[in-house]
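Colleague: Have a peek at work39.cif (mmCIF, C-alpha atoms).
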data_input
loop_
_atom_site.group_PDB
_atom_site.id
_atom_site.type_symbol
_atom_site.label_atom_id
_atom_site.label_comp_id
_atom_site.auth_asym_id
_atom_site.auth_seq_id
_atom_site.Cartn_x
_atom_site.Cartn_y
_atom_site.Cartn_z
ATOM 1 C CA LEU Z 6 63.921 -21.283 -51.137
ATOM 2 C CA LEU Z 7 67.106 -23.314 -51.048
ATOM 3 C CA GLU Z 8 66.387 -25.179 -54.281
ATOM 4 C CA LYS Z 9 65.683 -21.964 -56.166
ATOM 5 C CA ARG Z 10 68.712 -20.309 -54.488
ATOM 6 C CA GLU Z 11 66.505 -17.427 -53.368
ATOM 7 C CA ALA Z 12 68.023 -17.400 -49.887
ATOM 8 C CA PRO Z 13 71.528 -18.326 -48.742
ATOM 9 C CA MET Z 14 71.949 -21.357 -46.503
ATOM 10 C CA SER Z 15 73.054 -19.160 -43.571
ATOM 11 C CA SER Z 16 69.735 -17.242 -43.714
ATOM 12 C CA ILE Z 17 67.712 -20.456 -43.698
ATOM 13 C CA LEU Z 18 69.710 -21.849 -40.783
ATOM 14 C CA SER Z 19 69.272 -18.573 -38.872
ATOM 15 C CA LEU Z 20 65.497 -18.702 -39.345
ATOM 16 C CA LEU Z 21 65.423 -22.315 -38.151
ATOM 17 C CA LYS Z 22 67.468 -21.431 -35.083
ATOM 18 C CA MET Z 23 65.148 -18.485 -34.325
ATOM 19 C CA ALA Z 24 62.107 -20.766 -34.595
ATOM 20 C CA LYS Z 25 63.748 -23.295 -32.303
ATOM 21 C CA ILE Z 26 64.252 -20.704 -29.548
ATOM 22 C CA GLY Z 27 60.815 -19.153 -30.016
ATOM 23 C CA LEU Z 28 61.593 -15.993 -31.998
ATOM 24 C CA SER Z 29 59.282 -15.271 -34.889
ATOM 25 C CA ALA Z 30 60.599 -14.071 -38.217
ATOM 26 C CA ALA Z 31 57.576 -11.739 -38.342
ATOM 27 C CA SER Z 32 59.035 -9.682 -35.496
ATOM 28 C CA LEU Z 33 61.909 -8.773 -37.821
ATOM 29 C CA LEU Z 34 59.470 -7.111 -40.228
ATOM 30 C CA ASN Z 35 58.472 -4.551 -37.570
ATOM 31 C CA ASN Z 36 62.051 -3.375 -36.981
ATOM 32 C CA GLY Z 37 62.327 -5.852 -34.139
ATOM 33 C CA ALA Z 38 59.151 -4.640 -32.424
ATOM 34 C CA LEU Z 39 57.643 -7.255 -30.157
ATOM 35 C CA ASP Z 40 54.264 -8.761 -30.929
ATOM 36 C CA GLU Z 41 53.231 -8.445 -27.298
ATOM 37 C CA GLU Z 42 53.398 -5.909 -24.522
ATOM 38 C CA VAL Z 43 56.388 -6.096 -22.214
ATOM 39 C CA CYS Z 44 55.223 -6.823 -18.696
ATOM 40 C CA VAL Z 45 56.672 -4.704 -15.880
ATOM 41 C CA LEU Z 46 57.393 -6.789 -12.776
ATOM 42 C CA GLU Z 47 57.965 -5.179 -9.384
ATOM 43 C CA SER Z 48 60.268 -7.348 -7.217
ATOM 44 C CA PRO Z 49 59.175 -10.686 -8.697
ATOM 45 C CA THR Z 50 59.974 -13.912 -6.923
ATOM 46 C CA ALA Z 51 62.421 -16.202 -8.685
ATOM 47 C CA SER Z 52 59.652 -18.732 -9.206
ATOM 48 C CA GLU Z 53 57.256 -16.163 -10.703
ATOM 49 C CA LEU Z 54 59.909 -14.855 -13.080
ATOM 50 C CA PHE Z 55 60.988 -18.322 -14.155
ATOM 51 C CA GLN Z 56 57.510 -19.874 -14.538
ATOM 52 C CA GLU Z 57 55.743 -16.956 -16.189
ATOM 53 C CA HIS Z 58 58.509 -15.414 -18.278
ATOM 54 C CA VAL Z 59 61.657 -17.514 -18.721
ATOM 55 C CA LEU Z 60 59.910 -20.801 -19.502
ATOM 56 C CA LYS Z 61 57.383 -19.068 -21.764
ATOM 57 C CA SER Z 62 60.017 -16.900 -23.484
ATOM 58 C CA ARG Z 63 58.034 -13.794 -22.538
ATOM 59 C CA PRO Z 64 59.957 -10.545 -22.146
ATOM 60 C CA ALA Z 65 59.720 -8.618 -18.886
ATOM 61 C CA LEU Z 66 61.109 -5.457 -17.367
ATOM 62 C CA ILE Z 67 62.202 -6.116 -13.779
ATOM 63 C CA ARG Z 68 62.144 -3.313 -11.206
ATOM 64 C CA GLY Z 69 63.088 -3.350 -7.545
ATOM 65 C CA ALA Z 70 64.600 -6.823 -7.617
ATOM 66 C CA ILE Z 71 67.889 -5.771 -6.060
ATOM 67 C CA ASP Z 72 68.262 -3.402 -3.144
ATOM 68 C CA GLU Z 73 70.765 -2.909 -0.331
ATOM 69 C CA GLY Z 74 68.690 -4.982 2.068
ATOM 70 C CA ARG Z 75 68.643 -8.067 -0.135
ATOM 71 C CA PHE Z 76 72.026 -7.508 -1.777
ATOM 72 C CA PRO Z 77 74.458 -5.880 0.712
ATOM 73 C CA PRO Z 78 77.287 -5.431 -1.846
ATOM 74 C CA LEU Z 79 75.302 -2.476 -3.247
ATOM 75 C CA ARG Z 80 75.867 -0.791 0.122
ATOM 76 C CA ASP Z 81 79.230 -2.237 1.131
ATOM 77 C CA PHE Z 82 81.370 -2.358 -2.021
ATOM 78 C CA PRO Z 83 81.444 1.422 -2.664
ATOM 79 C CA ASP Z 84 82.777 1.881 0.912
ATOM 80 C CA LEU Z 85 86.579 1.752 0.581
ATOM 81 C CA GLY Z 86 86.945 1.596 4.378
ATOM 82 C CA PHE Z 87 84.769 -1.511 4.501
ATOM 83 C CA LEU Z 88 86.766 -3.160 1.716
ATOM 84 C CA ARG Z 89 90.084 -2.249 3.347
ATOM 85 C CA HIS Z 90 88.945 -3.596 6.736
ATOM 86 C CA CYS Z 91 87.670 -6.880 5.255
ATOM 87 C CA CYS Z 92 90.462 -7.773 2.894
ATOM 88 C CA GLY Z 93 92.965 -4.943 2.388
ATOM 89 C CA HIS Z 94 95.717 -7.386 3.377
ATOM 90 C CA ARG Z 95 94.953 -9.777 0.501
ATOM 91 C CA ARG Z 96 97.101 -9.679 -2.637
ATOM 92 C CA VAL Z 97 95.329 -9.270 -5.984
ATOM 93 C CA LEU Z 98 96.445 -9.541 -9.584
ATOM 94 C CA VAL Z 99 96.036 -6.273 -11.520
ATOM 95 C CA LYS Z 100 96.798 -4.863 -14.930
ATOM 96 C CA SER Z 101 99.393 -2.108 -14.743
ATOM 97 C CA LEU Z 102 100.603 -1.630 -18.313
ATOM 98 C CA ALA Z 103 98.516 1.019 -20.013
ATOM 99 C CA HIS Z 104 98.500 3.234 -23.072
ATOM 100 C CA LYS Z 105 96.757 6.582 -23.148
ATOM 101 C CA ASP Z 106 93.724 7.165 -25.328
ATOM 102 C CA ARG Z 107 93.040 10.439 -27.190
ATOM 103 C CA GLU Z 108 91.771 12.088 -24.005
ATOM 104 C CA GLY Z 109 94.805 10.940 -22.023
ATOM 105 C CA ARG Z 110 92.972 8.241 -20.065
ATOM 106 C CA PRO Z 111 94.770 4.957 -19.384
ATOM 107 C CA VAL Z 112 93.697 1.972 -21.482
ATOM 108 C CA PHE Z 113 94.880 -1.312 -20.024
ATOM 109 C CA VAL Z 114 95.708 -3.755 -22.803
ATOM 110 C CA SER Z 115 97.709 -6.554 -21.215
ATOM 111 C CA ASP Z 116 96.760 -9.465 -19.017
ATOM 112 C CA PRO Z 117 97.080 -8.927 -15.263
ATOM 113 C CA GLU Z 118 100.781 -9.139 -14.475
ATOM 114 C CA LEU Z 119 101.302 -7.390 -11.131
ATOM 115 C CA LYS Z 120 100.286 -8.740 -7.733
ATOM 116 C CA LEU Z 121 99.851 -6.140 -5.015
ATOM 117 C CA PRO Z 122 97.968 -5.739 -1.748
ATOM 118 C CA PHE Z 123 94.301 -4.953 -2.287
ATOM 119 C CA GLY Z 124 94.827 -2.055 0.133
ATOM 120 C CA ALA Z 125 97.333 -0.483 -2.307
ATOM 121 C CA PHE Z 126 94.754 -0.713 -5.084
ATOM 122 C CA LEU Z 127 92.178 0.920 -2.799
ATOM 123 C CA ASP Z 128 94.703 3.704 -2.021
ATOM 124 C CA ALA Z 129 94.953 4.434 -5.761
ATOM 125 C CA VAL Z 130 91.150 4.536 -6.058
ATOM 126 C CA ALA Z 131 90.900 6.871 -3.053
ATOM 127 C CA GLU Z 132 93.556 9.184 -4.558
ATOM 128 C CA HIS Z 133 91.582 9.259 -7.807
ATOM 129 C CA GLU Z 134 88.430 10.208 -5.893
ATOM 130 C CA ARG Z 135 90.339 12.968 -4.029
ATOM 131 C CA SER Z 136 92.361 14.491 -6.853
ATOM 132 C CA GLY Z 137 91.171 12.990 -10.124
ATOM 133 C CA ALA Z 138 94.577 11.374 -10.680
ATOM 134 C CA PRO Z 139 94.394 8.339 -12.982
ATOM 135 C CA VAL Z 140 94.255 4.968 -11.245
ATOM 136 C CA PRO Z 141 97.479 3.227 -12.329
ATOM 137 C CA PHE Z 142 95.951 -0.253 -12.046
ATOM 138 C CA TYR Z 143 92.966 -2.147 -13.379
ATOM 139 C CA LEU Z 144 91.380 -4.792 -11.206
ATOM 140 C CA GLY Z 145 88.812 -6.951 -12.975
ATOM 141 C CA LYS Z 146 87.501 -10.485 -13.257
ATOM 142 C CA VAL Z 147 88.440 -11.313 -9.685
ATOM 143 C CA ALA Z 148 87.421 -14.771 -8.488
ATOM 144 C CA LEU Z 149 86.042 -13.575 -5.151
ATOM 145 C CA ARG Z 150 85.867 -16.972 -3.468
ATOM 146 C CA ARG Z 151 89.539 -17.572 -4.224
ATOM 147 C CA GLU Z 152 91.125 -14.102 -4.183
ATOM 148 C CA LEU Z 153 88.937 -12.092 -1.781
ATOM 149 C CA PRO Z 154 86.919 -14.710 0.109
ATOM 150 C CA GLU Z 155 85.767 -12.178 2.708
ATOM 151 C CA LEU Z 156 83.649 -10.541 -0.011
ATOM 152 C CA ALA Z 157 82.175 -13.711 -1.494
#
What is this structure when it is put down as structure tokens?

Modeller:
Amino acid sequence: LLEKREAPMSSILSLLKMAKIGLSAASLLNNGALDEEVCVLESPTASELFQEHVLKSRPALIRGAIDEGRFPPLRDFPDLGFLRHCCGHRRVLVKSLAHKDREGRPVFVSDPELKLPFGAFLDAVAEHERSGAPVPFYLGKVALRRELPELA
């Protein structure tokens, strides 16, 4: 194909890369349809998932793997009182400079530049939940172990 210039180099390299990671070019002919059924796993163990699916590059749909009993943040993190009690005194870096989009919602475009108590951020979230007022801050990409170790 390369010698006859029937396919660009980037296409050939893409096909080689796909073959290397176990994807067949034939699957592209069926609009990306998989050649095999997708297995549905109910609460698989890490070993089962890794041995039977990850190592064999077999797709799987995972259900019931995370619940409040095994992953308490699902229960605790939506509770603003819990968060305030644990680490409301900690200071966190937030984005505060925003522009409004077409619907008037804030879009935060800068890097975090304001450090404030986590409790103040939670107050803004609580006010939003009460009145629908926009949250004037964006808190994201927090290194929990460093910034909010009580939650890590």

Colleague: Where does the PyMOL selection byres ((chain Z and resi 70) around 9) land in this file, that is, which residues does it pick, as a list in words?

Modeller: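 Listing what the PyMOL selection byres ((chain Z and resi 70) around 9) selects in the shown file: Leu46, Glu47, Ser48, Pro49, Thr50, Ile67, Arg68, Gly69, Ile71, Asp72 and Arg75 of chain Z.
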
Colleague: For Z:Ile26, which residue out of Z:Val112, Z:Leu119, Z:Leu60, Z:Val45 is the nearest one, using all atoms listed in the file?

Modeller: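 Selected residue with least distance to Z:Ile26: Z:Leu60.
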
Colleague: So what does the PyMOL selection byres ((chain Z and resi 137-151) around 12) actually pick up in this one, as an mmCIF file with C-alpha atoms, in the frame of the given file?

Modeller:
data_model
loop_
_atom_site.group_PDB
_atom_site.id
_atom_site.type_symbol
_atom_site.label_atom_id
_atom_site.label_comp_id
_atom_site.auth_asym_id
_atom_site.auth_seq_id
_atom_site.Cartn_x
_atom_site.Cartn_y
_atom_site.Cartn_z
ATOM 1 C CA CYS Z 92 90.462 -7.773 2.894
ATOM 2 C CA ARG Z 95 94.953 -9.777 0.501
ATOM 3 C CA ARG Z 96 97.101 -9.679 -2.637
ATOM 4 C CA VAL Z 97 95.329 -9.270 -5.984
ATOM 5 C CA LEU Z 98 96.445 -9.541 -9.584
ATOM 6 C CA VAL Z 99 96.036 -6.273 -11.520
ATOM 7 C CA LYS Z 100 96.798 -4.863 -14.930
ATOM 8 C CA SER Z 101 99.393 -2.108 -14.743
ATOM 9 C CA LEU Z 102 100.603 -1.630 -18.313
ATOM 10 C CA ALA Z 103 98.516 1.019 -20.013
ATOM 11 C CA HIS Z 104 98.500 3.234 -23.072
ATOM 12 C CA LYS Z 105 96.757 6.582 -23.148
ATOM 13 C CA GLU Z 108 91.771 12.088 -24.005
ATOM 14 C CA GLY Z 109 94.805 10.940 -22.023
ATOM 15 C CA ARG Z 110 92.972 8.241 -20.065
ATOM 16 C CA PRO Z 111 94.770 4.957 -19.384
ATOM 17 C CA VAL Z 112 93.697 1.972 -21.482
ATOM 18 C CA PHE Z 113 94.880 -1.312 -20.024
ATOM 19 C CA VAL Z 114 95.708 -3.755 -22.803
ATOM 20 C CA SER Z 115 97.709 -6.554 -21.215
ATOM 21 C CA ASP Z 116 96.760 -9.465 -19.017
ATOM 22 C CA PRO Z 117 97.080 -8.927 -15.263
ATOM 23 C CA GLU Z 118 100.781 -9.139 -14.475
ATOM 24 C CA LEU Z 119 101.302 -7.390 -11.131
ATOM 25 C CA LYS Z 120 100.286 -8.740 -7.733
ATOM 26 C CA LEU Z 121 99.851 -6.140 -5.015
ATOM 27 C CA PRO Z 122 97.968 -5.739 -1.748
ATOM 28 C CA PHE Z 123 94.301 -4.953 -2.287
ATOM 29 C CA ALA Z 125 97.333 -0.483 -2.307
ATOM 30 C CA PHE Z 126 94.754 -0.713 -5.084
ATOM 31 C CA LEU Z 127 92.178 0.920 -2.799
ATOM 32 C CA ASP Z 128 94.703 3.704 -2.021
ATOM 33 C CA ALA Z 129 94.953 4.434 -5.761
ATOM 34 C CA VAL Z 130 91.150 4.536 -6.058
ATOM 35 C CA ALA Z 131 90.900 6.871 -3.053
ATOM 36 C CA GLU Z 132 93.556 9.184 -4.558
ATOM 37 C CA HIS Z 133 91.582 9.259 -7.807
ATOM 38 C CA GLU Z 134 88.430 10.208 -5.893
ATOM 39 C CA ARG Z 135 90.339 12.968 -4.029
ATOM 40 C CA SER Z 136 92.361 14.491 -6.853
ATOM 41 C CA GLU Z 152 91.125 -14.102 -4.183
ATOM 42 C CA LEU Z 153 88.937 -12.092 -1.781
ATOM 43 C CA PRO Z 154 86.919 -14.710 0.109
ATOM 44 C CA GLU Z 155 85.767 -12.178 2.708
ATOM 45 C CA LEU Z 156 83.649 -10.541 -0.011
ATOM 46 C CA ALA Z 157 82.175 -13.711 -1.494
#

Colleague: Between atom CA of Z:Glu53 and atom CA of Z:Ala65, what is the distance, to one decimal in Å?

Modeller: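 Taking atom CA of Z:Glu53 as the start and atom CA of Z:Ala65 as the end point, the length is 11.4 Å.
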
Colleague: Calculate how many Å separate atom CA of Z:Leu66 from atom CA of Z:Cys44, rounding to one decimal.

Modeller: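 Pair atom CA of Z:Leu66 / atom CA of Z:Cys44 returns 6.2 Å.
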
Colleague: Closest to Z:Ser62 among Z:Val43, Z:Arg89, Z:Ser15, Z:Arg80, using only C-alpha atoms?

Modeller: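 Checking each candidate against Z:Ser62, we get Z:Val43 as the closest.
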
Colleague: Could you pull stretch 51-84 of chain Z out of the block above and give me N, CA, C and O atoms, as a PDB file, in the first residue's frame?

Modeller:
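The new file result-v2.pdb reads:
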ATOM      1  N   ALA Z  51     -11.700  -7.396  41.663  1.00  0.00           N
ATOM      2  CA  ALA Z  51     -10.631  -6.764  40.884  1.00  0.00           C
ATOM      3  C   ALA Z  51      -9.871  -7.814  40.096  1.00  0.00           C
ATOM      4  O   ALA Z  51      -9.531  -7.608  38.922  1.00  0.00           O
ATOM      5  N   SER Z  52      -9.628  -8.951  40.709  1.00  0.00           N
ATOM      6  CA  SER Z  52      -8.889 -10.020  40.045  1.00  0.00           C
ATOM      7  C   SER Z  52      -9.669 -10.559  38.842  1.00  0.00           C
ATOM      8  O   SER Z  52      -9.106 -10.761  37.766  1.00  0.00           O
ATOM      9  N   GLU Z  53     -10.962 -10.799  39.028  1.00  0.00           N
ATOM     10  CA  GLU Z  53     -11.794 -11.309  37.929  1.00  0.00           C
ATOM     11  C   GLU Z  53     -11.798 -10.325  36.757  1.00  0.00           C
ATOM     12  O   GLU Z  53     -11.601 -10.713  35.603  1.00  0.00           O
ATOM     13  N   LEU Z  54     -12.005  -9.061  37.052  1.00  0.00           N
ATOM     14  CA  LEU Z  54     -12.033  -8.049  36.003  1.00  0.00           C
ATOM     15  C   LEU Z  54     -10.690  -7.996  35.272  1.00  0.00           C
ATOM     16  O   LEU Z  54     -10.634  -8.002  34.042  1.00  0.00           O
ATOM     17  N   PHE Z  55      -9.619  -7.973  36.026  1.00  0.00           N
ATOM     18  CA  PHE Z  55      -8.296  -7.848  35.421  1.00  0.00           C
ATOM     19  C   PHE Z  55      -7.932  -9.085  34.595  1.00  0.00           C
ATOM     20  O   PHE Z  55      -7.521  -8.967  33.446  1.00  0.00           O
ATOM     21  N   GLN Z  56      -8.104 -10.271  35.183  1.00  0.00           N
ATOM     22  CA  GLN Z  56      -7.695 -11.516  34.508  1.00  0.00           C
ATOM     23  C   GLN Z  56      -8.546 -11.821  33.282  1.00  0.00           C
ATOM     24  O   GLN Z  56      -8.019 -12.210  32.243  1.00  0.00           O
ATOM     25  N   GLU Z  57      -9.852 -11.657  33.399  1.00  0.00           N
ATOM     26  CA  GLU Z  57     -10.746 -12.087  32.333  1.00  0.00           C
ATOM     27  C   GLU Z  57     -11.052 -11.015  31.284  1.00  0.00           C
ATOM     28  O   GLU Z  57     -11.499 -11.339  30.192  1.00  0.00           O
ATOM     29  N   HIS Z  58     -10.817  -9.750  31.631  1.00  0.00           N
ATOM     30  CA  HIS Z  58     -11.215  -8.699  30.693  1.00  0.00           C
ATOM     31  C   HIS Z  58     -10.075  -7.751  30.330  1.00  0.00           C
ATOM     32  O   HIS Z  58      -9.826  -7.520  29.156  1.00  0.00           O
ATOM     33  N   VAL Z  59      -9.384  -7.212  31.310  1.00  0.00           N
ATOM     34  CA  VAL Z  59      -8.311  -6.253  31.016  1.00  0.00           C
ATOM     35  C   VAL Z  59      -7.180  -6.937  30.261  1.00  0.00           C
ATOM     36  O   VAL Z  59      -6.788  -6.498  29.176  1.00  0.00           O
ATOM     37  N   LEU Z  60      -6.664  -8.035  30.812  1.00  0.00           N
ATOM     38  CA  LEU Z  60      -5.539  -8.718  30.173  1.00  0.00           C
ATOM     39  C   LEU Z  60      -5.896  -9.279  28.797  1.00  0.00           C
ATOM     40  O   LEU Z  60      -5.049  -9.352  27.913  1.00  0.00           O
ATOM     41  N   LYS Z  61      -7.158  -9.661  28.619  1.00  0.00           N
ATOM     42  CA  LYS Z  61      -7.584 -10.248  27.348  1.00  0.00           C
ATOM     43  C   LYS Z  61      -8.187  -9.215  26.393  1.00  0.00           C
ATOM     44  O   LYS Z  61      -8.699  -9.574  25.338  1.00  0.00           O
ATOM     45  N   SER Z  62      -8.161  -7.949  26.806  1.00  0.00           N
ATOM     46  CA  SER Z  62      -8.733  -6.865  25.996  1.00  0.00           C
ATOM     47  C   SER Z  62     -10.175  -7.160  25.601  1.00  0.00           C
ATOM     48  O   SER Z  62     -10.590  -6.921  24.477  1.00  0.00           O
ATOM     49  N   ARG Z  63     -10.932  -7.703  26.537  1.00  0.00           N
ATOM     50  CA  ARG Z  63     -12.350  -8.003  26.308  1.00  0.00           C
ATOM     51  C   ARG Z  63     -13.197  -6.925  26.959  1.00  0.00           C
ATOM     52  O   ARG Z  63     -13.018  -6.606  28.130  1.00  0.00           O
ATOM     53  N   PRO Z  64     -14.139  -6.366  26.229  1.00  0.00           N
ATOM     54  CA  PRO Z  64     -14.989  -5.321  26.805  1.00  0.00           C
ATOM     55  C   PRO Z  64     -15.944  -5.910  27.842  1.00  0.00           C
ATOM     56  O   PRO Z  64     -16.302  -7.092  27.785  1.00  0.00           O
ATOM     57  N   ALA Z  65     -16.348  -5.082  28.786  1.00  0.00           N
ATOM     58  CA  ALA Z  65     -17.306  -5.516  29.803  1.00  0.00           C
ATOM     59  C   ALA Z  65     -18.078  -4.307  30.309  1.00  0.00           C
ATOM     60  O   ALA Z  65     -17.543  -3.205  30.367  1.00  0.00           O
ATOM     61  N   LEU Z  66     -19.317  -4.545  30.666  1.00  0.00           N
ATOM     62  CA  LEU Z  66     -20.147  -3.544  31.311  1.00  0.00           C
ATOM     63  C   LEU Z  66     -20.179  -3.916  32.785  1.00  0.00           C
ATOM     64  O   LEU Z  66     -20.532  -5.047  33.136  1.00  0.00           O
ATOM     65  N   ILE Z  67     -19.786  -2.987  33.656  1.00  0.00           N
ATOM     66  CA  ILE Z  67     -19.680  -3.274  35.080  1.00  0.00           C
ATOM     67  C   ILE Z  67     -20.853  -2.624  35.807  1.00  0.00           C
ATOM     68  O   ILE Z  67     -21.090  -1.427  35.680  1.00  0.00           O
ATOM     69  N   ARG Z  68     -21.570  -3.439  36.571  1.00  0.00           N
ATOM     70  CA  ARG Z  68     -22.699  -2.940  37.373  1.00  0.00           C
ATOM     71  C   ARG Z  68     -22.455  -3.271  38.834  1.00  0.00           C
ATOM     72  O   ARG Z  68     -21.899  -4.310  39.163  1.00  0.00           O
ATOM     73  N   GLY Z  69     -22.914  -2.381  39.711  1.00  0.00           N
ATOM     74  CA  GLY Z  69     -22.874  -2.645  41.138  1.00  0.00           C
ATOM     75  C   GLY Z  69     -21.494  -2.689  41.752  1.00  0.00           C
ATOM     76  O   GLY Z  69     -21.334  -3.233  42.836  1.00  0.00           O
ATOM     77  N   ALA Z  70     -20.507  -2.134  41.086  1.00  0.00           N
ATOM     78  CA  ALA Z  70     -19.143  -2.197  41.620  1.00  0.00           C
ATOM     79  C   ALA Z  70     -18.917  -1.179  42.735  1.00  0.00           C
ATOM     80  O   ALA Z  70     -18.094  -1.388  43.612  1.00  0.00           O
ATOM     81  N   ILE Z  71     -19.648  -0.088  42.679  1.00  0.00           N
ATOM     82  CA  ILE Z  71     -19.466   0.962  43.686  1.00  0.00           C
ATOM     83  C   ILE Z  71     -20.805   1.219  44.356  1.00  0.00           C
ATOM     84  O   ILE Z  71     -21.810   1.463  43.689  1.00  0.00           O
ATOM     85  N   ASP Z  72     -20.811   1.155  45.665  1.00  0.00           N
ATOM     86  CA  ASP Z  72     -22.000   1.524  46.429  1.00  0.00           C
ATOM     87  C   ASP Z  72     -21.551   2.250  47.694  1.00  0.00           C
ATOM     88  O   ASP Z  72     -20.366   2.320  47.994  1.00  0.00           O
ATOM     89  N   GLU Z  73     -22.495   2.792  48.429  1.00  0.00           N
ATOM     90  CA  GLU Z  73     -22.157   3.580  49.618  1.00  0.00           C
ATOM     91  C   GLU Z  73     -21.424   2.761  50.675  1.00  0.00           C
ATOM     92  O   GLU Z  73     -20.616   3.288  51.418  1.00  0.00           O
ATOM     93  N   GLY Z  74     -21.696   1.479  50.741  1.00  0.00           N
ATOM     94  CA  GLY Z  74     -21.035   0.643  51.734  1.00  0.00           C
ATOM     95  C   GLY Z  74     -19.556   0.461  51.452  1.00  0.00           C
ATOM     96  O   GLY Z  74     -18.736   0.476  52.358  1.00  0.00           O
ATOM     97  N   ARG Z  75     -19.226   0.278  50.174  1.00  0.00           N
ATOM     98  CA  ARG Z  75     -17.822   0.070  49.805  1.00  0.00           C
ATOM     99  C   ARG Z  75     -17.103   1.361  49.457  1.00  0.00           C
ATOM    100  O   ARG Z  75     -15.884   1.394  49.414  1.00  0.00           O
ATOM    101  N   PHE Z  76     -17.855   2.413  49.177  1.00  0.00           N
ATOM    102  CA  PHE Z  76     -17.244   3.690  48.794  1.00  0.00           C
ATOM    103  C   PHE Z  76     -18.021   4.817  49.480  1.00  0.00           C
ATOM    104  O   PHE Z  76     -18.901   5.447  48.893  1.00  0.00           O
ATOM    105  N   PRO Z  77     -17.720   5.073  50.771  1.00  0.00           N
ATOM    106  CA  PRO Z  77     -18.464   6.053  51.565  1.00  0.00           C
ATOM    107  C   PRO Z  77     -18.573   7.467  50.974  1.00  0.00           C
ATOM    108  O   PRO Z  77     -19.536   8.170  51.263  1.00  0.00           O
ATOM    109  N   PRO Z  78     -17.619   7.935  50.127  1.00  0.00           N
ATOM    110  CA  PRO Z  78     -17.813   9.264  49.563  1.00  0.00           C
ATOM    111  C   PRO Z  78     -19.136   9.432  48.794  1.00  0.00           C
ATOM    112  O   PRO Z  78     -19.670  10.535  48.715  1.00  0.00           O
ATOM    113  N   LEU Z  79     -19.682   8.352  48.252  1.00  0.00           N
ATOM    114  CA  LEU Z  79     -20.989   8.457  47.589  1.00  0.00           C
ATOM    115  C   LEU Z  79     -22.061   8.928  48.566  1.00  0.00           C
ATOM    116  O   LEU Z  79     -22.994   9.627  48.196  1.00  0.00           O
ATOM    117  N   ARG Z  80     -21.925   8.540  49.826  1.00  0.00           N
ATOM    118  CA  ARG Z  80     -22.874   8.933  50.863  1.00  0.00           C
ATOM    119  C   ARG Z  80     -22.471  10.257  51.514  1.00  0.00           C
ATOM    120  O   ARG Z  80     -23.313  11.121  51.736  1.00  0.00           O
ATOM    121  N   ASP Z  81     -21.181  10.415  51.780  1.00  0.00           N
ATOM    122  CA  ASP Z  81     -20.722  11.536  52.599  1.00  0.00           C
ATOM    123  C   ASP Z  81     -20.516  12.847  51.845  1.00  0.00           C
ATOM    124  O   ASP Z  81     -20.806  13.917  52.377  1.00  0.00           O
ATOM    125  N   PHE Z  82     -19.997  12.795  50.622  1.00  0.00           N
ATOM    126  CA  PHE Z  82     -19.635  14.028  49.928  1.00  0.00           C
ATOM    127  C   PHE Z  82     -20.832  14.917  49.567  1.00  0.00           C
ATOM    128  O   PHE Z  82     -20.691  16.130  49.555  1.00  0.00           O
ATOM    129  N   PRO Z  83     -22.014  14.381  49.274  1.00  0.00           N
ATOM    130  CA  PRO Z  83     -23.145  15.280  49.021  1.00  0.00           C
ATOM    131  C   PRO Z  83     -23.665  15.978  50.285  1.00  0.00           C
ATOM    132  O   PRO Z  83     -24.445  16.920  50.202  1.00  0.00           O
ATOM    133  N   ASP Z  84     -23.227  15.539  51.465  1.00  0.00           N
ATOM    134  CA  ASP Z  84     -23.679  16.098  52.738  1.00  0.00           C
ATOM    135  C   ASP Z  84     -22.792  17.288  53.113  1.00  0.00           C
ATOM    136  O   ASP Z  84     -21.682  17.121  53.621  1.00  0.00           O
TER     137      ASP Z  84
END
